[in-house]
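Q: First, the structure itself, so that you have it in front of you.
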Amino acid sequence: MKKKISFVAVGQAAGNIGRLFEQKGFSVIYVNTSQEDLDTLEKAKFKYHIPQGEGCNKDRRKAKQLVIDDFDNIAAEIESKARSEMTFVIFASGGGTGSGAGPMLIDLLIDEGKTIGAITIIPAPDESVKSHINSYECFSELTEISGSGSCFIIDNGNGDKLELNAAFVDSFTAFLEIPEKHKSIKGNIDKAEIMETLKAHGVSVVIRSKGKESADVIQAVKESALAPLEPDRAVKYITASLAGDVKMSDLEKAFGTPIDNFQTFNDTETICCISGLTYPQTRLEVVYNKVAENKDLIKKNLAATRETGLKGGVNFLDEMEPAKKKDGGKKPQSKRDIMSKYL
Ligand SMILES: Nc1nc2c(ncn2[C@@H]2O[C@H](COP(=O)(O)OP(=O)(O)OP(=O)(O)O)[C@@H](O)[C@H]2O)c(=O)[nH]1
Ligand SMILES: [Mg+2]
């Protein structure tokens, strides 16, 4: 499975997560506009510094322009170093580089014919207004991309960043290892079923739980990045290696009937991935509300700094209706069309 999945880590937070995947044996390419950020990744194998980049100091637009100017080289780098059946682009939604570059890069790579998923991070509620503006803009773009696979969301509101990184990488890796490690005469999960789960469009959640009952696993899913699960959620796949008395039928009852479920069994812990879920509207509203509450302050600050060269970001206040379609759902015609959507 480690050859089937690769990662493109964009920005500093993504670099931290990428390192954990690389340590587990996956191919990871680290892309950044900041050479200093890349230098912190001491033992990383494949690092790519976007030329002219000097970091994006939370300015998403700067990141987008740098990616646009260098896209052919970035794509060639990914093609040569992170070739696989599916690539996950990792980025924090609250910064500049990863947040600005992430969704656009996903869109452009899909256009190149690649199968792309996302791993992104929502800022904790006590983070800055700027992080929340970036996050909201980032998710507005992400939710518009129709051809992407699974999007995993790490919620920094759930605890310590580095612990969340480790928990996510461990769960994700354990999930990928199910076909090799968990074999049962009662049912198996093969590699194709893992890939089918991951390729499903929509939000995914992956958890491990040592609990012996279905309720323990249901609770673990609810406590993970997606809490609370949306009341009108859709679900495409529930794929799990079940332990103890945990039952697929209980998971379906709790999370909705999927198109398909894949199950196997083991004696140690339940590993479960649910994919094809709707975006966590309730959690995104928390992000939205933090921006909205500070609307006047932001407007005042933008007006005060406009002459000093602060570019972009002003029109977001008009665009903050959740999941608003900007292009009427039309399919873009060329790379240039895709790029121009993001500027
Ligand atoms: N989960 C997690 N979140 C992190 C980590 N490091 C930073 N963050 C969060 O990521 C966001 C900032 O994104 P960064 O990745 O630092 O920013 P960047 O993409 O490098 O962009 P610029 O530095 O602004 O150009 C904030 O919401 C931080 O709380 C990490 O290791 N794990
Ligand atoms: Mg950075």
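Residue names in the structure tokens use chain letters A, B, ... in the order shown, residue numbers from 1 in each chain, and ligand numbers from 1 in the order shown.
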Taking only C-alpha atoms and all ligand atoms into account, report as a list in words which residues have an atom no farther than 10 Å from an atom of ligand 2.

A: Val10, Gly11, Gln12, Ala13, Ala14, Gly15, Asn32, Thr33, Ser34, Gln35, Glu36, Asp37, Leu38, Glu54, Gly55, Cys56, Asn57, Lys58, Ala92, Gly95, Gly96, Thr97 and Gly98 of chain A

Q: Generate a file of the selected residues that holds C-alpha atoms, formatted as an mmCIF file, in the first residue's frame.

A:
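Written output follows (out10.cif):
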```
data_model
loop_
_atom_site.group_PDB
_atom_site.id
_atom_site.type_symbol
_atom_site.label_atom_id
_atom_site.label_comp_id
_atom_site.auth_asym_id
_atom_site.auth_seq_id
_atom_site.Cartn_x
_atom_site.Cartn_y
_atom_site.Cartn_z
ATOM 1 C CA VAL A 10 2.618 22.202 1.291
ATOM 2 C CA GLY A 11 3.652 24.664 4.002
ATOM 3 C CA GLN A 12 5.048 24.236 7.482
ATOM 4 C CA ALA A 13 2.284 22.342 9.303
ATOM 5 C CA ALA A 14 1.979 19.949 6.382
ATOM 6 C CA GLY A 15 5.720 19.390 6.578
ATOM 7 C CA ASN A 32 7.207 25.478 0.379
ATOM 8 C CA THR A 33 7.630 29.125 -0.496
ATOM 9 C CA SER A 34 9.946 29.441 2.493
ATOM 10 C CA GLN A 35 13.450 27.975 2.368
ATOM 11 C CA GLU A 36 13.678 28.410 6.153
ATOM 12 C CA ASP A 37 10.610 26.221 6.684
ATOM 13 C CA LEU A 38 12.114 23.558 4.404
ATOM 14 C CA GLU A 54 10.307 33.965 0.742
ATOM 15 C CA GLY A 55 7.401 32.632 2.801
ATOM 16 C CA CYS A 56 3.867 33.944 2.484
ATOM 17 C CA ASN A 57 3.250 35.390 5.970
ATOM 18 C CA LYS A 58 -0.371 34.173 5.911
ATOM 19 C CA ALA A 92 -3.096 23.844 6.876
ATOM 20 C CA GLY A 95 -1.718 29.832 7.018
ATOM 21 C CA GLY A 96 -0.611 31.437 3.756
ATOM 22 C CA THR A 97 1.419 28.981 1.716
ATOM 23 C CA GLY A 98 -0.501 25.739 2.264
#
```

Q: Using DSSP on the backbone, list every residue of region 111-287 of chain A that comes out as strand (DSSP E or B), and give them as a VMD selection string.

A: chain A and resid 116 to 122 150 to 155 202 to 209 237 to 242 260 to 265 270 to 277

Q: Go ahead and save the residues from that selection, with N, CA and C atoms, as a short mmCIF file (atom, residue, chain, number, x, y, z; two decimals), in the first residue's frame.

A:
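Writing done, so here's out.cif:
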```cif
data_model
loop_
_atom_site.label_atom_id
_atom_site.label_comp_id
_atom_site.auth_asym_id
_atom_site.auth_seq_id
_atom_site.Cartn_x
_atom_site.Cartn_y
_atom_site.Cartn_z
N ILE A 116 -6.47 12.68 -6.64
CA ILE A 116 -5.95 13.51 -5.56
C ILE A 116 -6.92 13.57 -4.38
N GLY A 117 -6.36 13.39 -3.19
CA GLY A 117 -7.11 13.59 -1.97
C GLY A 117 -6.52 14.77 -1.20
N ALA A 118 -7.13 15.11 -0.09
CA ALA A 118 -6.64 16.24 0.71
C ALA A 118 -6.57 15.85 2.18
N ILE A 119 -5.57 16.41 2.84
CA ILE A 119 -5.50 16.34 4.30
C ILE A 119 -5.30 17.77 4.76
N THR A 120 -6.27 18.30 5.47
CA THR A 120 -6.14 19.71 5.83
C THR A 120 -6.40 19.91 7.33
N ILE A 121 -6.09 21.11 7.79
CA ILE A 121 -6.17 21.41 9.22
C ILE A 121 -7.05 22.64 9.44
N ILE A 122 -7.99 22.54 10.38
CA ILE A 122 -8.81 23.70 10.77
C ILE A 122 -8.16 24.34 12.01
N SER A 150 -10.99 11.62 -1.17
CA SER A 150 -11.23 11.90 0.24
C SER A 150 -10.55 13.15 0.74
N CYS A 151 -11.23 13.87 1.61
CA CYS A 151 -10.62 15.01 2.30
C CYS A 151 -10.67 14.74 3.80
N PHE A 152 -9.50 14.54 4.39
CA PHE A 152 -9.42 14.34 5.84
C PHE A 152 -9.18 15.68 6.51
N ILE A 153 -9.84 15.91 7.63
CA ILE A 153 -9.72 17.19 8.31
C ILE A 153 -9.23 16.99 9.74
N ILE A 154 -8.10 17.61 10.05
CA ILE A 154 -7.60 17.58 11.42
C ILE A 154 -8.08 18.87 12.09
N ASP A 155 -8.76 18.73 13.21
CA ASP A 155 -9.32 19.90 13.89
C ASP A 155 -8.41 20.28 15.07
N GLY A 202 -15.57 13.63 -1.03
CA GLY A 202 -16.22 14.07 0.20
C GLY A 202 -15.26 13.98 1.37
N VAL A 203 -15.78 14.26 2.54
CA VAL A 203 -14.95 14.25 3.73
C VAL A 203 -14.85 12.82 4.28
N SER A 204 -13.67 12.51 4.78
CA SER A 204 -13.46 11.18 5.38
C SER A 204 -12.98 11.33 6.80
N VAL A 205 -13.22 10.29 7.55
CA VAL A 205 -12.71 10.28 8.92
C VAL A 205 -12.14 8.88 9.17
N VAL A 206 -11.00 8.84 9.86
CA VAL A 206 -10.40 7.55 10.16
C VAL A 206 -10.04 7.51 11.63
N ILE A 207 -10.43 6.43 12.29
CA ILE A 207 -10.14 6.33 13.73
C ILE A 207 -9.68 4.92 14.11
N ARG A 208 -9.03 4.84 15.27
CA ARG A 208 -8.71 3.55 15.89
C ARG A 208 -9.35 3.58 17.26
N SER A 209 -9.88 2.45 17.69
CA SER A 209 -10.46 2.41 19.02
C SER A 209 -10.26 1.04 19.64
N TYR A 237 -18.90 5.17 2.03
CA TYR A 237 -18.32 3.90 2.44
C TYR A 237 -18.05 3.86 3.94
N ILE A 238 -18.29 2.70 4.52
CA ILE A 238 -17.77 2.44 5.87
C ILE A 238 -16.90 1.20 5.73
N THR A 239 -15.62 1.38 6.00
CA THR A 239 -14.65 0.30 5.81
C THR A 239 -13.94 0.10 7.14
N ALA A 240 -14.02 -1.11 7.69
CA ALA A 240 -13.50 -1.28 9.04
C ALA A 240 -12.99 -2.69 9.31
N SER A 241 -11.93 -2.73 10.10
CA SER A 241 -11.51 -3.98 10.71
C SER A 241 -12.05 -3.92 12.14
N LEU A 242 -12.96 -4.82 12.44
CA LEU A 242 -13.71 -4.72 13.69
C LEU A 242 -13.13 -5.63 14.76
N ASP A 260 -21.70 1.16 0.16
CA ASP A 260 -21.11 -0.16 0.38
C ASP A 260 -20.36 -0.15 1.70
N ASN A 261 -20.21 -1.33 2.28
CA ASN A 261 -19.32 -1.43 3.43
C ASN A 261 -18.35 -2.59 3.20
N PHE A 262 -17.17 -2.45 3.76
CA PHE A 262 -16.16 -3.50 3.67
C PHE A 262 -15.70 -3.80 5.09
N GLN A 263 -15.68 -5.09 5.42
CA GLN A 263 -15.28 -5.39 6.79
C GLN A 263 -14.40 -6.62 6.91
N THR A 264 -13.53 -6.54 7.92
CA THR A 264 -12.77 -7.70 8.35
C THR A 264 -12.72 -7.64 9.87
N PHE A 265 -11.98 -8.56 10.48
CA PHE A 265 -12.02 -8.65 11.94
C PHE A 265 -10.62 -8.87 12.50
N THR A 270 -10.42 -1.71 16.80
CA THR A 270 -11.19 -1.40 15.60
C THR A 270 -10.51 -0.25 14.86
N ILE A 271 -10.34 -0.44 13.55
CA ILE A 271 -9.82 0.63 12.69
C ILE A 271 -10.92 0.89 11.67
N CYS A 272 -11.37 2.13 11.62
CA CYS A 272 -12.55 2.40 10.80
C CYS A 272 -12.37 3.68 9.99
N CYS A 273 -12.68 3.60 8.71
CA CYS A 273 -12.68 4.80 7.87
C CYS A 273 -14.07 4.96 7.26
N ILE A 274 -14.60 6.16 7.41
CA ILE A 274 -15.90 6.48 6.82
C ILE A 274 -15.63 7.54 5.76
N SER A 275 -16.07 7.31 4.53
CA SER A 275 -15.76 8.30 3.49
C SER A 275 -17.02 8.75 2.76
N GLY A 276 -16.85 9.85 2.00
CA GLY A 276 -17.97 10.39 1.24
C GLY A 276 -18.94 11.17 2.09
N LEU A 277 -18.47 11.69 3.21
CA LEU A 277 -19.33 12.49 4.09
C LEU A 277 -19.42 13.93 3.57
#
```

Q: Name the residues of region 129-330 of chain A that come out as helix (DSSP H, G or I) in a backbone DSSP run; write them as a ChimeraX atom specification.

A: /A:129-142,156-158,161-176,178-181,191-199,214-223,248-255,281-293,295-308,315-318

Q: Any idea what the distance is between CA of Ala243 (chain A) and CA of Asp267 (chain A)?

A: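 Interatomic distance, CA of Ala243 (chain A) to CA of Asp267 (chain A): 5.3 Å.
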
Q: Name the closest residue to ligand 1 among the candidates A:Lys130, A:Lys247, A:Lys161, A:Lys62; distances are taken between atoms, counting only C-alpha atoms and all ligand atoms.

A: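 Counting only C-alpha atoms and all ligand atoms, the residue closest to ligand 1 is A:Lys161.
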
Q: Using only C-alpha atoms, determine which residues lie at most 8 Å from Ala9 (chain A), disregarding the query and same-chain residues fewer than 3 positions distant; provide the list as a ChimeraX atom specification.

A: /A:14-15,17-18,28-31,89-91

Q: Excluding same-chain residues fewer than 4 positions from region 4-6 of chain A, what lies within 6 Å of it counting only C-alpha atoms, as a VMD selection string?

A: chain A and resid 27 to 28 82 84 to 87

Q: From the set A:Lys64, A:Lys236, A:Arg336, A:Lys210, which residue has the shortest atom-to-atom contact distance to ligand 1, counting only C-alpha atoms and all ligand atoms?

A: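 Under the stated criterion, the closest residue is A:Lys64.
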
Q: Of the residues A:Asn158, A:Phe46, A:Leu108, A:Ser148, which is the one nearest to Ser80 (chain A), using only C-alpha atoms?

A: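 The closest residue to Ser80 (chain A) is A:Phe46.
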
Q: Tell me which protein, DNA and RNA residues are within 6 Å of Pro179 (chain A), counting only C-alpha atoms, leaving out same-chain ones fewer than 4 positions away, and put them as a VMD selection string.

A: chain A and resid 189 to 191

Q: Write out the residues from the selection above, keeping C-alpha atoms, as a compact mmCIF listing (two decimals), in the first residue's frame.

A:
```txt
# COMPACT_ATOMS: atom_id res chain seq x y z
CA ILE A 189 -10.62 -6.24 2.99
CA ASP A 190 -8.41 -6.05 -0.09
CA LYS A 191 -6.29 -3.20 -1.39
```

Q: Please compute the CA of Ser99 (chain A)-CA of Ile194 (chain A) distance, one decimal, in Å.

A: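 Going from CA of Ser99 (chain A) over to CA of Ile194 (chain A), I get 27.5 Å.
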
Q: Which is closer to ligand 1 than all the others in A:Phe255, A:Phe168, A:Tyr342, A:Phe139, using only C-alpha atoms and all ligand atoms?

A: A:Phe168

Q: Nearest to Ser334 (chain A) among A:Asp70, A:Glu112, A:Asp59, A:Glu137, with distances taken over only C-alpha atoms: which residue is it?

A: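 Selected residue with least distance to Ser334 (chain A): A:Glu112.
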
Q: Using only C-alpha atoms for the distances, tell me which of A:Gln65, A:Ser140, A:Gln52, A:Thr173 is nearest to Gly25 (chain A).

A: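 When distances to Gly25 (chain A) are compared using only C-alpha atoms, the smallest one comes from A:Thr173.
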
Q: Provide the CA of Glu252 (chain A) to CA of Gln281 (chain A) distance in Å, to one decimal place.

A: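 So the answer is 21.1 Å.
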